[in-house]
file start11.txt (compact mmCIF, N, CA and C atoms)
# COMPACT_ATOMS: atom_id res chain seq x y z
N MET Q 281 99.00 -107.18 73.59
CA MET Q 281 97.65 -107.10 74.11
C MET Q 281 97.31 -105.63 74.34
N ALA Q 282 96.13 -105.25 73.97
CA ALA Q 282 95.69 -103.86 74.10
C ALA Q 282 95.43 -103.52 75.56
N ARG Q 283 95.72 -102.28 75.92
CA ARG Q 283 95.45 -101.83 77.29
C ARG Q 283 93.94 -101.77 77.51
N GLY Q 284 93.54 -101.95 78.74
CA GLY Q 284 92.13 -101.88 79.07
C GLY Q 284 91.44 -103.23 79.07
N PHE Q 285 92.16 -104.26 78.65
CA PHE Q 285 91.59 -105.59 78.63
C PHE Q 285 92.27 -106.43 79.69
N LEU Q 286 91.52 -107.22 80.40
CA LEU Q 286 92.04 -108.06 81.45
C LEU Q 286 92.42 -109.41 80.86
N LYS Q 287 93.68 -109.77 80.98
CA LYS Q 287 94.15 -111.07 80.51
C LYS Q 287 93.71 -112.11 81.52
N ILE Q 288 93.08 -113.16 81.06
CA ILE Q 288 92.59 -114.21 81.94
C ILE Q 288 93.41 -115.46 81.71
N TYR Q 289 93.92 -116.00 82.78
CA TYR Q 289 94.67 -117.24 82.74
C TYR Q 289 93.86 -118.33 83.43
N ARG Q 290 94.07 -119.57 83.01
CA ARG Q 290 93.35 -120.69 83.60
C ARG Q 290 93.71 -120.89 85.06
N THR Q 291 94.98 -120.71 85.40
CA THR Q 291 95.45 -121.04 86.74
C THR Q 291 95.57 -119.85 87.67
N TYR Q 292 95.32 -118.63 87.18
CA TYR Q 292 95.45 -117.45 88.03
C TYR Q 292 94.59 -116.34 87.47
N SER Q 293 93.74 -115.78 88.31
CA SER Q 293 92.94 -114.64 87.85
C SER Q 293 92.50 -113.81 89.06
N TYR Q 294 92.22 -112.57 88.79
CA TYR Q 294 91.67 -111.66 89.79
C TYR Q 294 90.76 -110.71 89.04
N LEU Q 295 89.79 -110.14 89.73
CA LEU Q 295 88.81 -109.30 89.06
C LEU Q 295 89.01 -107.82 89.34
N THR Q 296 89.49 -107.47 90.50
CA THR Q 296 89.61 -106.05 90.82
C THR Q 296 91.06 -105.61 90.80
N LYS Q 297 91.82 -105.95 91.83
CA LYS Q 297 93.23 -105.59 91.90
C LYS Q 297 94.06 -106.84 92.14
N ASN Q 298 95.28 -106.81 91.66
CA ASN Q 298 96.20 -107.90 91.88
C ASN Q 298 96.37 -108.09 93.39
N PRO Q 299 96.24 -109.33 93.89
CA PRO Q 299 96.36 -109.57 95.32
C PRO Q 299 97.69 -109.14 95.92
N VAL Q 300 98.71 -108.97 95.10
CA VAL Q 300 100.00 -108.53 95.63
C VAL Q 300 99.90 -107.14 96.25
N ILE Q 301 98.95 -106.33 95.79
CA ILE Q 301 98.75 -105.01 96.39
C ILE Q 301 98.35 -105.15 97.85
N ASP Q 302 97.45 -106.09 98.15
CA ASP Q 302 97.04 -106.32 99.54
C ASP Q 302 98.19 -106.87 100.36
N LYS Q 303 99.00 -107.74 99.77
CA LYS Q 303 100.15 -108.29 100.49
C LYS Q 303 101.16 -107.19 100.81
N MET Q 304 101.40 -106.31 99.83
CA MET Q 304 102.31 -105.19 100.08
C MET Q 304 101.75 -104.29 101.17
N ARG Q 305 100.47 -103.99 101.11
CA ARG Q 305 99.83 -103.13 102.10
C ARG Q 305 100.01 -103.71 103.50
N THR Q 306 99.81 -105.02 103.64
CA THR Q 306 99.97 -105.67 104.93
C THR Q 306 101.40 -105.55 105.45
N VAL Q 307 102.38 -105.82 104.57
CA VAL Q 307 103.78 -105.70 104.98
C VAL Q 307 104.10 -104.27 105.37
N LEU Q 308 103.67 -103.31 104.57
CA LEU Q 308 103.96 -101.91 104.88
C LEU Q 308 103.32 -101.49 106.19
N GLN Q 309 102.11 -101.97 106.46
CA GLN Q 309 101.47 -101.66 107.74
C GLN Q 309 102.25 -102.25 108.90
N GLU Q 310 102.70 -103.51 108.74
CA GLU Q 310 103.48 -104.16 109.80
C GLU Q 310 104.82 -103.46 110.03
N GLU Q 311 105.39 -102.88 108.96
CA GLU Q 311 106.67 -102.19 109.06
C GLU Q 311 106.51 -100.71 109.47
N GLY Q 312 105.26 -100.26 109.61
CA GLY Q 312 105.01 -98.87 109.97
C GLY Q 312 105.29 -97.90 108.83
N MET Q 313 105.17 -98.39 107.58
CA MET Q 313 105.51 -97.58 106.41
C MET Q 313 104.31 -97.32 105.51
N TYR Q 314 103.10 -97.59 105.99
CA TYR Q 314 101.94 -97.47 105.10
C TYR Q 314 101.33 -96.07 105.07
N SER Q 315 101.49 -95.30 106.11
CA SER Q 315 100.82 -94.00 106.17
C SER Q 315 101.32 -93.09 105.05
N LYS Q 316 100.48 -92.14 104.67
CA LYS Q 316 100.87 -91.19 103.62
C LYS Q 316 102.13 -90.43 104.02
N LYS Q 317 102.29 -90.17 105.29
CA LYS Q 317 103.47 -89.48 105.78
C LYS Q 317 104.73 -90.32 105.57
N GLN Q 318 104.63 -91.62 105.75
CA GLN Q 318 105.77 -92.52 105.61
C GLN Q 318 106.11 -92.84 104.15
N ARG Q 319 105.21 -92.53 103.24
CA ARG Q 319 105.45 -92.86 101.82
C ARG Q 319 106.63 -92.09 101.25
N GLN Q 320 106.89 -90.90 101.77
CA GLN Q 320 108.07 -90.15 101.33
C GLN Q 320 109.34 -90.88 101.74
N VAL Q 321 109.35 -91.42 102.96
CA VAL Q 321 110.49 -92.21 103.42
C VAL Q 321 110.64 -93.46 102.57
N LEU Q 322 109.53 -94.12 102.30
CA LEU Q 322 109.56 -95.31 101.45
C LEU Q 322 110.08 -94.98 100.06
N HIS Q 323 109.69 -93.83 99.55
CA HIS Q 323 110.20 -93.36 98.26
C HIS Q 323 111.72 -93.20 98.32
N GLU Q 324 112.23 -92.60 99.38
CA GLU Q 324 113.66 -92.40 99.51
C GLU Q 324 114.41 -93.72 99.59
N LEU Q 325 113.81 -94.71 100.25
CA LEU Q 325 114.45 -96.02 100.38
C LEU Q 325 114.42 -96.82 99.08
N SER Q 326 113.28 -96.77 98.38
CA SER Q 326 113.07 -97.66 97.24
C SER Q 326 113.29 -97.01 95.88
N GLY Q 327 113.13 -95.69 95.80
CA GLY Q 327 113.19 -95.01 94.52
C GLY Q 327 111.85 -95.00 93.79
N VAL Q 328 110.85 -95.64 94.37
CA VAL Q 328 109.51 -95.67 93.78
C VAL Q 328 108.80 -94.37 94.15
N GLY Q 329 108.18 -93.72 93.18
CA GLY Q 329 107.53 -92.45 93.40
C GLY Q 329 106.37 -92.52 94.37
N VAL Q 330 106.20 -91.46 95.15
CA VAL Q 330 105.10 -91.38 96.11
C VAL Q 330 103.76 -91.54 95.39
N GLN Q 331 103.62 -90.91 94.23
CA GLN Q 331 102.37 -91.01 93.48
C GLN Q 331 102.09 -92.45 93.03
N THR Q 332 103.14 -93.21 92.78
CA THR Q 332 102.96 -94.62 92.41
C THR Q 332 102.31 -95.38 93.55
N PHE Q 333 102.73 -95.09 94.79
CA PHE Q 333 102.09 -95.74 95.94
C PHE Q 333 100.63 -95.30 96.06
N GLU Q 334 100.39 -94.01 95.87
CA GLU Q 334 99.01 -93.49 95.94
C GLU Q 334 98.13 -94.20 94.90
N ASN Q 335 98.63 -94.30 93.68
CA ASN Q 335 97.86 -94.92 92.60
C ASN Q 335 97.60 -96.40 92.87
N GLY Q 336 98.56 -97.07 93.46
CA GLY Q 336 98.40 -98.50 93.72
C GLY Q 336 97.47 -98.79 94.88
N PHE Q 337 97.59 -98.02 95.95
CA PHE Q 337 96.80 -98.30 97.15
C PHE Q 337 95.43 -97.64 97.14
N GLU Q 338 95.34 -96.42 96.64
CA GLU Q 338 94.05 -95.71 96.64
C GLU Q 338 93.51 -95.44 95.25
N GLY Q 339 94.34 -95.58 94.24
CA GLY Q 339 93.95 -95.23 92.88
C GLY Q 339 93.42 -96.39 92.08
N ASP Q 340 93.53 -96.26 90.77
CA ASP Q 340 92.93 -97.25 89.88
C ASP Q 340 93.94 -98.22 89.26
N VAL Q 341 95.17 -98.25 89.78
CA VAL Q 341 96.14 -99.22 89.28
C VAL Q 341 95.70 -100.60 89.73
N ARG Q 342 95.52 -101.50 88.77
CA ARG Q 342 95.06 -102.85 89.08
C ARG Q 342 96.19 -103.85 89.16
N ASN Q 343 97.26 -103.58 88.41
CA ASN Q 343 98.33 -104.56 88.31
C ASN Q 343 99.67 -103.84 88.27
N PRO Q 344 100.29 -103.60 89.43
CA PRO Q 344 101.55 -102.88 89.44
C PRO Q 344 102.66 -103.68 88.76
N ARG Q 345 103.64 -102.98 88.25
CA ARG Q 345 104.75 -103.63 87.57
C ARG Q 345 105.59 -104.40 88.58
N HIS Q 346 106.14 -105.51 88.12
CA HIS Q 346 106.93 -106.37 89.00
C HIS Q 346 108.12 -105.61 89.59
N GLU Q 347 108.78 -104.79 88.78
CA GLU Q 347 109.94 -104.06 89.30
C GLU Q 347 109.56 -103.06 90.39
N THR Q 348 108.35 -102.52 90.32
CA THR Q 348 107.87 -101.61 91.36
C THR Q 348 107.67 -102.37 92.67
N ILE Q 349 107.06 -103.54 92.56
CA ILE Q 349 106.84 -104.38 93.74
C ILE Q 349 108.18 -104.76 94.37
N MET Q 350 109.10 -105.22 93.54
CA MET Q 350 110.38 -105.70 94.07
C MET Q 350 111.23 -104.56 94.61
N ALA Q 351 111.21 -103.39 93.99
CA ALA Q 351 111.96 -102.25 94.51
C ALA Q 351 111.44 -101.87 95.89
N THR Q 352 110.13 -101.90 96.04
CA THR Q 352 109.52 -101.55 97.32
C THR Q 352 109.86 -102.58 98.38
N MET Q 353 109.60 -103.84 98.07
CA MET Q 353 109.78 -104.89 99.06
C MET Q 353 111.26 -105.11 99.42
N SER Q 354 112.13 -105.07 98.43
CA SER Q 354 113.56 -105.30 98.73
C SER Q 354 114.15 -104.13 99.53
N SER Q 355 113.59 -102.93 99.37
CA SER Q 355 114.09 -101.79 100.14
C SER Q 355 113.82 -101.97 101.64
N LEU Q 356 112.87 -102.83 101.98
CA LEU Q 356 112.55 -103.11 103.37
C LEU Q 356 113.14 -104.44 103.85
N GLY Q 357 113.95 -105.06 102.99
CA GLY Q 357 114.63 -106.29 103.38
C GLY Q 357 113.92 -107.58 103.02
N TYR Q 358 112.88 -107.51 102.20
CA TYR Q 358 112.14 -108.71 101.81
C TYR Q 358 112.66 -109.23 100.48
N GLU Q 359 112.52 -110.53 100.26
CA GLU Q 359 112.89 -111.13 98.98
C GLU Q 359 111.73 -111.97 98.48
N GLU Q 360 111.72 -112.17 97.18
CA GLU Q 360 110.66 -112.96 96.54
C GLU Q 360 110.99 -114.44 96.65
N GLN Q 361 109.98 -115.23 96.93
CA GLN Q 361 110.17 -116.68 97.00
C GLN Q 361 109.02 -117.38 96.32
N PHE Q 362 109.34 -118.48 95.69
CA PHE Q 362 108.32 -119.35 95.11
C PHE Q 362 108.32 -120.64 95.92
N VAL Q 363 107.16 -121.03 96.40
CA VAL Q 363 107.04 -122.21 97.24
C VAL Q 363 106.13 -123.20 96.54
N LYS Q 364 106.60 -124.43 96.38
CA LYS Q 364 105.78 -125.47 95.74
C LYS Q 364 104.63 -125.80 96.67
N ALA Q 365 103.41 -125.60 96.18
CA ALA Q 365 102.22 -125.80 97.01
C ALA Q 365 101.58 -127.16 96.77
N LYS Q 366 101.81 -127.74 95.60
CA LYS Q 366 101.22 -129.05 95.31
C LYS Q 366 102.00 -129.70 94.17
N THR Q 367 101.84 -131.00 94.07
CA THR Q 367 102.42 -131.75 92.97
C THR Q 367 101.34 -131.91 91.91
N ILE Q 368 101.71 -131.68 90.67
CA ILE Q 368 100.70 -131.77 89.61
C ILE Q 368 100.99 -132.94 88.68
N ASP Q 369 99.93 -133.42 88.05
CA ASP Q 369 100.02 -134.42 87.00
C ASP Q 369 100.07 -133.62 85.69
N VAL Q 370 101.24 -133.55 85.08
CA VAL Q 370 101.44 -132.69 83.92
C VAL Q 370 100.49 -133.05 82.78
N GLU Q 371 100.31 -134.31 82.50
CA GLU Q 371 99.42 -134.70 81.38
C GLU Q 371 97.98 -134.33 81.67
N ALA Q 372 97.53 -134.52 82.89
CA ALA Q 372 96.15 -134.13 83.25
C ALA Q 372 95.99 -132.62 83.14
N GLU Q 373 97.00 -131.87 83.57
CA GLU Q 373 96.95 -130.41 83.49
C GLU Q 373 96.95 -129.94 82.04
N ARG Q 374 97.71 -130.62 81.17
CA ARG Q 374 97.73 -130.25 79.75
C ARG Q 374 96.35 -130.44 79.13
N LYS Q 375 95.67 -131.55 79.48
CA LYS Q 375 94.32 -131.79 78.97
C LYS Q 375 93.35 -130.73 79.48
N ALA Q 376 93.45 -130.41 80.76
CA ALA Q 376 92.58 -129.39 81.34
C ALA Q 376 92.84 -128.03 80.69
N ALA Q 377 94.11 -127.74 80.44
CA ALA Q 377 94.46 -126.46 79.81
C ALA Q 377 93.92 -126.39 78.38
N ALA Q 378 94.02 -127.48 77.63
CA ALA Q 378 93.51 -127.51 76.26
C ALA Q 378 91.99 -127.32 76.24
N ALA Q 379 91.29 -127.98 77.15
CA ALA Q 379 89.83 -127.83 77.23
C ALA Q 379 89.45 -126.40 77.60
N TRP Q 380 90.19 -125.82 78.54
CA TRP Q 380 89.92 -124.45 78.96
C TRP Q 380 90.15 -123.49 77.80
N GLN Q 381 91.25 -123.67 77.08
CA GLN Q 381 91.56 -122.78 75.95
C GLN Q 381 90.51 -122.90 74.86
N GLU Q 382 90.04 -124.09 74.60
CA GLU Q 382 88.98 -124.29 73.60
C GLU Q 382 87.71 -123.55 74.02
N LYS Q 383 87.37 -123.63 75.29
CA LYS Q 383 86.19 -122.93 75.81
C LYS Q 383 86.37 -121.41 75.65
N GLN Q 384 87.56 -120.89 75.97
CA GLN Q 384 87.83 -119.46 75.83
C GLN Q 384 87.71 -119.02 74.38
N ASN Q 385 88.22 -119.83 73.45
CA ASN Q 385 88.13 -119.50 72.03
C ASN Q 385 86.68 -119.44 71.56
N LYS Q 386 85.86 -120.37 72.03
CA LYS Q 386 84.44 -120.37 71.66
C LYS Q 386 83.74 -119.13 72.21
N LEU Q 387 84.10 -118.74 73.44
CA LEU Q 387 83.52 -117.53 74.02
C LEU Q 387 83.91 -116.29 73.23
N LYS Q 388 85.16 -116.23 72.78
CA LYS Q 388 85.62 -115.10 71.97
C LYS Q 388 84.87 -115.04 70.65
N GLU Q 389 84.72 -116.19 70.00
CA GLU Q 389 84.00 -116.24 68.71
C GLU Q 389 82.56 -115.79 68.88
N LYS Q 390 81.94 -116.23 69.95
CA LYS Q 390 80.54 -115.88 70.21
C LYS Q 390 80.39 -114.38 70.47
N ALA Q 391 81.37 -113.80 71.17
CA ALA Q 391 81.28 -112.39 71.56
C ALA Q 391 81.79 -111.44 70.49
N ALA Q 392 82.54 -111.93 69.52
CA ALA Q 392 83.14 -111.05 68.51
C ALA Q 392 82.06 -110.48 67.58
N PRO Q 393 82.05 -109.17 67.40
CA PRO Q 393 81.09 -108.57 66.47
C PRO Q 393 81.49 -108.87 65.03
N ALA Q 394 80.52 -108.87 64.16
CA ALA Q 394 80.80 -109.07 62.74
C ALA Q 394 81.63 -107.90 62.23
N LYS Q 395 82.67 -108.19 61.46
CA LYS Q 395 83.54 -107.13 60.95
C LYS Q 395 82.90 -106.51 59.71
N THR Q 396 82.77 -105.19 59.74
CA THR Q 396 82.24 -104.46 58.58
C THR Q 396 83.09 -103.23 58.35
N ASN Q 397 82.91 -102.61 57.20
CA ASN Q 397 83.64 -101.38 56.93
C ASN Q 397 82.79 -100.16 57.30
N GLY Q 398 81.70 -100.38 57.98
CA GLY Q 398 80.85 -99.30 58.43
C GLY Q 398 79.71 -98.99 57.49
N ARG Q 399 79.76 -99.53 56.26
CA ARG Q 399 78.71 -99.24 55.28
C ARG Q 399 77.91 -100.47 54.88
N ARG Q 400 78.60 -101.56 54.76
CA ARG Q 400 77.92 -102.77 54.31
C ARG Q 400 78.71 -103.97 54.78
N LYS Q 401 78.16 -105.12 54.56
CA LYS Q 401 78.85 -106.34 54.93
C LYS Q 401 80.13 -106.47 54.10
N PRO Q 402 81.18 -107.04 54.66
CA PRO Q 402 82.42 -107.18 53.90
C PRO Q 402 82.24 -108.10 52.69
N ARG Q 403 82.98 -107.82 51.65
CA ARG Q 403 82.91 -108.64 50.45
C ARG Q 403 83.63 -109.96 50.67
N LYS Q 404 83.11 -110.97 50.00
CA LYS Q 404 83.77 -112.26 50.06
C LYS Q 404 84.93 -112.24 49.08
N SER Q 405 86.01 -112.84 49.46
CA SER Q 405 87.19 -112.89 48.61
C SER Q 405 86.91 -113.74 47.38
N LYS Q 406 87.45 -113.34 46.21
CA LYS Q 406 87.26 -114.10 44.98
C LYS Q 406 88.30 -115.19 44.82
N ARG Q 407 89.23 -115.26 45.73
CA ARG Q 407 90.29 -116.26 45.63
C ARG Q 407 89.84 -117.63 45.95
call {"tool": "encode", "arguments": {"input": "start11.txt", "output": "structure tokens"}}
result
Amino acid sequence: MARGFLKIYRTYSYLTKNPVIDKMRTVLQEEGMYSKKQRQVLHELSGVGVQTFENGFEGDVRNPRHETIMATMSSLGYEEQFVKAKTIDVEAERKAAAAWQEKQNKLKEKAAPAKTNGRRKPRKSKR
């Protein structure tokens, strides 16, 4: 996938920044590690660069790398957990996913510009 494009998933999406940035910010504030002064200490603990924190919290980074998140959080004693929030009907979800994907494909076709070589319409294949 080309950089600069936002990947959209049916079951998870965000428009500005990945919500994990806000969760990290909250944890760091609770741990007293959010201030710019404390970021050097956090860097020493996690190995994550101070500028990486600046870019994530105040800059234009929208989706930090998973290893950056985990290096930061594990350096403060946190671990990642997945918690089952609901039971799903797999067949119903498959149907919903297929319908969603079909809708996305139609939107892409509608939005796609006609391909040209810059001078004229492309030639039709003789095959």
call {"tool": "atom_distance", "arguments": {"input": "start11.txt", "atom1": "atom C of Ser326 in chain Q", "atom2": "atom C of Ser355 in chain Q"}}
result
7.6 Å
call {"tool": "closest_residue", "arguments": {"input": "start11.txt", "among": "Q:Lys366, Q:Gln361, Q:Thr352, Q:Val341", "to": "Val328 in chain Q", "atoms": "only N, CA and C atoms"}}
result
Q:Thr352
call {"tool": "atom_distance", "arguments": {"input": "start11.txt", "atom1": "CA of Ser315 in chain Q", "atom2": "CA of Phe362 in chain Q"}}
result
28.7 Å
call {"tool": "residues_around", "arguments": {"input": "start11.txt", "residues": "Met353 in chain Q", "least_positions_apart": "6", "cutoff": "8 Å", "atoms": "all atoms listed in the file", "output": "number ranges by chain"}}
result
Q: 304, 326, 347, 359-360
call {"tool": "write_last_selection", "arguments": {"input": "start11.txt", "atoms": "N, CA and C atoms", "output": "PDB file, keeping the file's coordinate frame"}}
result
ATOM      1  N   MET Q 304     101.400-106.310  99.830  1.00  0.00           N
ATOM      2  CA  MET Q 304     102.310-105.190 100.080  1.00  0.00           C
ATOM      3  C   MET Q 304     101.750-104.290 101.170  1.00  0.00           C
ATOM      4  N   SER Q 326     113.280 -96.770  98.380  1.00  0.00           N
ATOM      5  CA  SER Q 326     113.070 -97.660  97.240  1.00  0.00           C
ATOM      6  C   SER Q 326     113.290 -97.010  95.880  1.00  0.00           C
ATOM      7  N   GLU Q 347     108.780-104.790  88.780  1.00  0.00           N
ATOM      8  CA  GLU Q 347     109.940-104.060  89.300  1.00  0.00           C
ATOM      9  C   GLU Q 347     109.560-103.060  90.390  1.00  0.00           C
ATOM     10  N   GLU Q 359     112.520-110.530 100.260  1.00  0.00           N
ATOM     11  CA  GLU Q 359     112.890-111.130  98.980  1.00  0.00           C
ATOM     12  C   GLU Q 359     111.730-111.970  98.480  1.00  0.00           C
ATOM     13  N   GLU Q 360     111.720-112.170  97.180  1.00  0.00           N
ATOM     14  CA  GLU Q 360     110.660-112.960  96.540  1.00  0.00           C
ATOM     15  C   GLU Q 360     110.990-114.440  96.650  1.00  0.00           C
TER      16      GLU Q 360
END
call {"tool": "atom_distance", "arguments": {"input": "start11.txt", "atom1": "CA of Glu311 in chain Q", "atom2": "CA of Ser354 in chain Q"}}
result
12.8 Å
call {"tool": "select_by_dssp", "arguments": {"input": "start11.txt", "residues": "range 281-406 of chain Q", "states": "helix (DSSP H, G or I)", "output": "compact mmCIF listing (two decimals) with N, CA and C atoms, in the frame of the given file"}}
result
# COMPACT_ATOMS: atom_id res chain seq x y z
N PRO Q 299 96.24 -109.33 93.89
CA PRO Q 299 96.36 -109.57 95.32
C PRO Q 299 97.69 -109.14 95.92
N VAL Q 300 98.71 -108.97 95.10
CA VAL Q 300 100.00 -108.53 95.63
C VAL Q 300 99.90 -107.14 96.25
N ILE Q 301 98.95 -106.33 95.79
CA ILE Q 301 98.75 -105.01 96.39
C ILE Q 301 98.35 -105.15 97.85
N ASP Q 302 97.45 -106.09 98.15
CA ASP Q 302 97.04 -106.32 99.54
C ASP Q 302 98.19 -106.87 100.36
N LYS Q 303 99.00 -107.74 99.77
CA LYS Q 303 100.15 -108.29 100.49
C LYS Q 303 101.16 -107.19 100.81
N MET Q 304 101.40 -106.31 99.83
CA MET Q 304 102.31 -105.19 100.08
C MET Q 304 101.75 -104.29 101.17
N ARG Q 305 100.47 -103.99 101.11
CA ARG Q 305 99.83 -103.13 102.10
C ARG Q 305 100.01 -103.71 103.50
N THR Q 306 99.81 -105.02 103.64
CA THR Q 306 99.97 -105.67 104.93
C THR Q 306 101.40 -105.55 105.45
N VAL Q 307 102.38 -105.82 104.57
CA VAL Q 307 103.78 -105.70 104.98
C VAL Q 307 104.10 -104.27 105.37
N LEU Q 308 103.67 -103.31 104.57
CA LEU Q 308 103.96 -101.91 104.88
C LEU Q 308 103.32 -101.49 106.19
N GLN Q 309 102.11 -101.97 106.46
CA GLN Q 309 101.47 -101.66 107.74
C GLN Q 309 102.25 -102.25 108.90
N GLU Q 310 102.70 -103.51 108.74
CA GLU Q 310 103.48 -104.16 109.80
C GLU Q 310 104.82 -103.46 110.03
N ARG Q 319 105.21 -92.53 103.24
CA ARG Q 319 105.45 -92.86 101.82
C ARG Q 319 106.63 -92.09 101.25
N GLN Q 320 106.89 -90.90 101.77
CA GLN Q 320 108.07 -90.15 101.33
C GLN Q 320 109.34 -90.88 101.74
N VAL Q 321 109.35 -91.42 102.96
CA VAL Q 321 110.49 -92.21 103.42
C VAL Q 321 110.64 -93.46 102.57
N LEU Q 322 109.53 -94.12 102.30
CA LEU Q 322 109.56 -95.31 101.45
C LEU Q 322 110.08 -94.98 100.06
N HIS Q 323 109.69 -93.83 99.55
CA HIS Q 323 110.20 -93.36 98.26
C HIS Q 323 111.72 -93.20 98.32
N GLU Q 324 112.23 -92.60 99.38
CA GLU Q 324 113.66 -92.40 99.51
C GLU Q 324 114.41 -93.72 99.59
N LEU Q 325 113.81 -94.71 100.25
CA LEU Q 325 114.45 -96.02 100.38
C LEU Q 325 114.42 -96.82 99.08
N SER Q 326 113.28 -96.77 98.38
CA SER Q 326 113.07 -97.66 97.24
C SER Q 326 113.29 -97.01 95.88
N VAL Q 330 106.20 -91.46 95.15
CA VAL Q 330 105.10 -91.38 96.11
C VAL Q 330 103.76 -91.54 95.39
N GLN Q 331 103.62 -90.91 94.23
CA GLN Q 331 102.37 -91.01 93.48
C GLN Q 331 102.09 -92.45 93.03
N THR Q 332 103.14 -93.21 92.78
CA THR Q 332 102.96 -94.62 92.41
C THR Q 332 102.31 -95.38 93.55
N PHE Q 333 102.73 -95.09 94.79
CA PHE Q 333 102.09 -95.74 95.94
C PHE Q 333 100.63 -95.30 96.06
N GLU Q 334 100.39 -94.01 95.87
CA GLU Q 334 99.01 -93.49 95.94
C GLU Q 334 98.13 -94.20 94.90
N ASN Q 335 98.63 -94.30 93.68
CA ASN Q 335 97.86 -94.92 92.60
C ASN Q 335 97.60 -96.40 92.87
N GLY Q 336 98.56 -97.07 93.46
CA GLY Q 336 98.40 -98.50 93.72
C GLY Q 336 97.47 -98.79 94.88
N PHE Q 337 97.59 -98.02 95.95
CA PHE Q 337 96.80 -98.30 97.15
C PHE Q 337 95.43 -97.64 97.14
N HIS Q 346 106.14 -105.51 88.12
CA HIS Q 346 106.93 -106.37 89.00
C HIS Q 346 108.12 -105.61 89.59
N GLU Q 347 108.78 -104.79 88.78
CA GLU Q 347 109.94 -104.06 89.30
C GLU Q 347 109.56 -103.06 90.39
N THR Q 348 108.35 -102.52 90.32
CA THR Q 348 107.87 -101.61 91.36
C THR Q 348 107.67 -102.37 92.67
N ILE Q 349 107.06 -103.54 92.56
CA ILE Q 349 106.84 -104.38 93.74
C ILE Q 349 108.18 -104.76 94.37
N MET Q 350 109.10 -105.22 93.54
CA MET Q 350 110.38 -105.70 94.07
C MET Q 350 111.23 -104.56 94.61
N ALA Q 351 111.21 -103.39 93.99
CA ALA Q 351 111.96 -102.25 94.51
C ALA Q 351 111.44 -101.87 95.89
N THR Q 352 110.13 -101.90 96.04
CA THR Q 352 109.52 -101.55 97.32
C THR Q 352 109.86 -102.58 98.38
N MET Q 353 109.60 -103.84 98.07
CA MET Q 353 109.78 -104.89 99.06
C MET Q 353 111.26 -105.11 99.42
N SER Q 354 112.13 -105.07 98.43
CA SER Q 354 113.56 -105.30 98.73
C SER Q 354 114.15 -104.13 99.53
N SER Q 355 113.59 -102.93 99.37
CA SER Q 355 114.09 -101.79 100.14
C SER Q 355 113.82 -101.97 101.64
N VAL Q 370 101.24 -133.55 85.08
CA VAL Q 370 101.44 -132.69 83.92
C VAL Q 370 100.49 -133.05 82.78
N GLU Q 371 100.31 -134.31 82.50
CA GLU Q 371 99.42 -134.70 81.38
C GLU Q 371 97.98 -134.33 81.67
N ALA Q 372 97.53 -134.52 82.89
CA ALA Q 372 96.15 -134.13 83.25
C ALA Q 372 95.99 -132.62 83.14
N GLU Q 373 97.00 -131.87 83.57
CA GLU Q 373 96.95 -130.41 83.49
C GLU Q 373 96.95 -129.94 82.04
N ARG Q 374 97.71 -130.62 81.17
CA ARG Q 374 97.73 -130.25 79.75
C ARG Q 374 96.35 -130.44 79.13
N LYS Q 375 95.67 -131.55 79.48
CA LYS Q 375 94.32 -131.79 78.97
C LYS Q 375 93.35 -130.73 79.48
N ALA Q 376 93.45 -130.41 80.76
CA ALA Q 376 92.58 -129.39 81.34
C ALA Q 376 92.84 -128.03 80.69
N ALA Q 377 94.11 -127.74 80.44
CA ALA Q 377 94.46 -126.46 79.81
C ALA Q 377 93.92 -126.39 78.38
N ALA Q 378 94.02 -127.48 77.63
CA ALA Q 378 93.51 -127.51 76.26
C ALA Q 378 91.99 -127.32 76.24
N ALA Q 379 91.29 -127.98 77.15
CA ALA Q 379 89.83 -127.83 77.23
C ALA Q 379 89.45 -126.40 77.60
N TRP Q 380 90.19 -125.82 78.54
CA TRP Q 380 89.92 -124.45 78.96
C TRP Q 380 90.15 -123.49 77.80
N GLN Q 381 91.25 -123.67 77.08
CA GLN Q 381 91.56 -122.78 75.95
C GLN Q 381 90.51 -122.90 74.86
N GLU Q 382 90.04 -124.09 74.60
CA GLU Q 382 88.98 -124.29 73.60
C GLU Q 382 87.71 -123.55 74.02
N LYS Q 383 87.37 -123.63 75.29
CA LYS Q 383 86.19 -122.93 75.81
C LYS Q 383 86.37 -121.41 75.65
N GLN Q 384 87.56 -120.89 75.97
CA GLN Q 384 87.83 -119.46 75.83
C GLN Q 384 87.71 -119.02 74.38
N ASN Q 385 88.22 -119.83 73.45
CA ASN Q 385 88.13 -119.50 72.03
C ASN Q 385 86.68 -119.44 71.56
N LYS Q 386 85.86 -120.37 72.03
CA LYS Q 386 84.44 -120.37 71.66
C LYS Q 386 83.74 -119.13 72.21
N LEU Q 387 84.10 -118.74 73.44
CA LEU Q 387 83.52 -117.53 74.02
C LEU Q 387 83.91 -116.29 73.23
N LYS Q 388 85.16 -116.23 72.78
CA LYS Q 388 85.62 -115.10 71.97
C LYS Q 388 84.87 -115.04 70.65
N GLU Q 389 84.72 -116.19 70.00
CA GLU Q 389 84.00 -116.24 68.71
C GLU Q 389 82.56 -115.79 68.88
N LYS Q 390 81.94 -116.23 69.95
CA LYS Q 390 80.54 -115.88 70.21
C LYS Q 390 80.39 -114.38 70.47
N ALA Q 391 81.37 -113.80 71.17
CA ALA Q 391 81.28 -112.39 71.56
C ALA Q 391 81.79 -111.44 70.49
call {"tool": "closest_residue", "arguments": {"input": "start11.txt", "among": "Q:Asn385, Q:Lys297, Q:Ile368, Q:Arg374", "to": "Asp340 in chain Q", "atoms": "all atoms listed in the file"}}
result
Q:Lys297
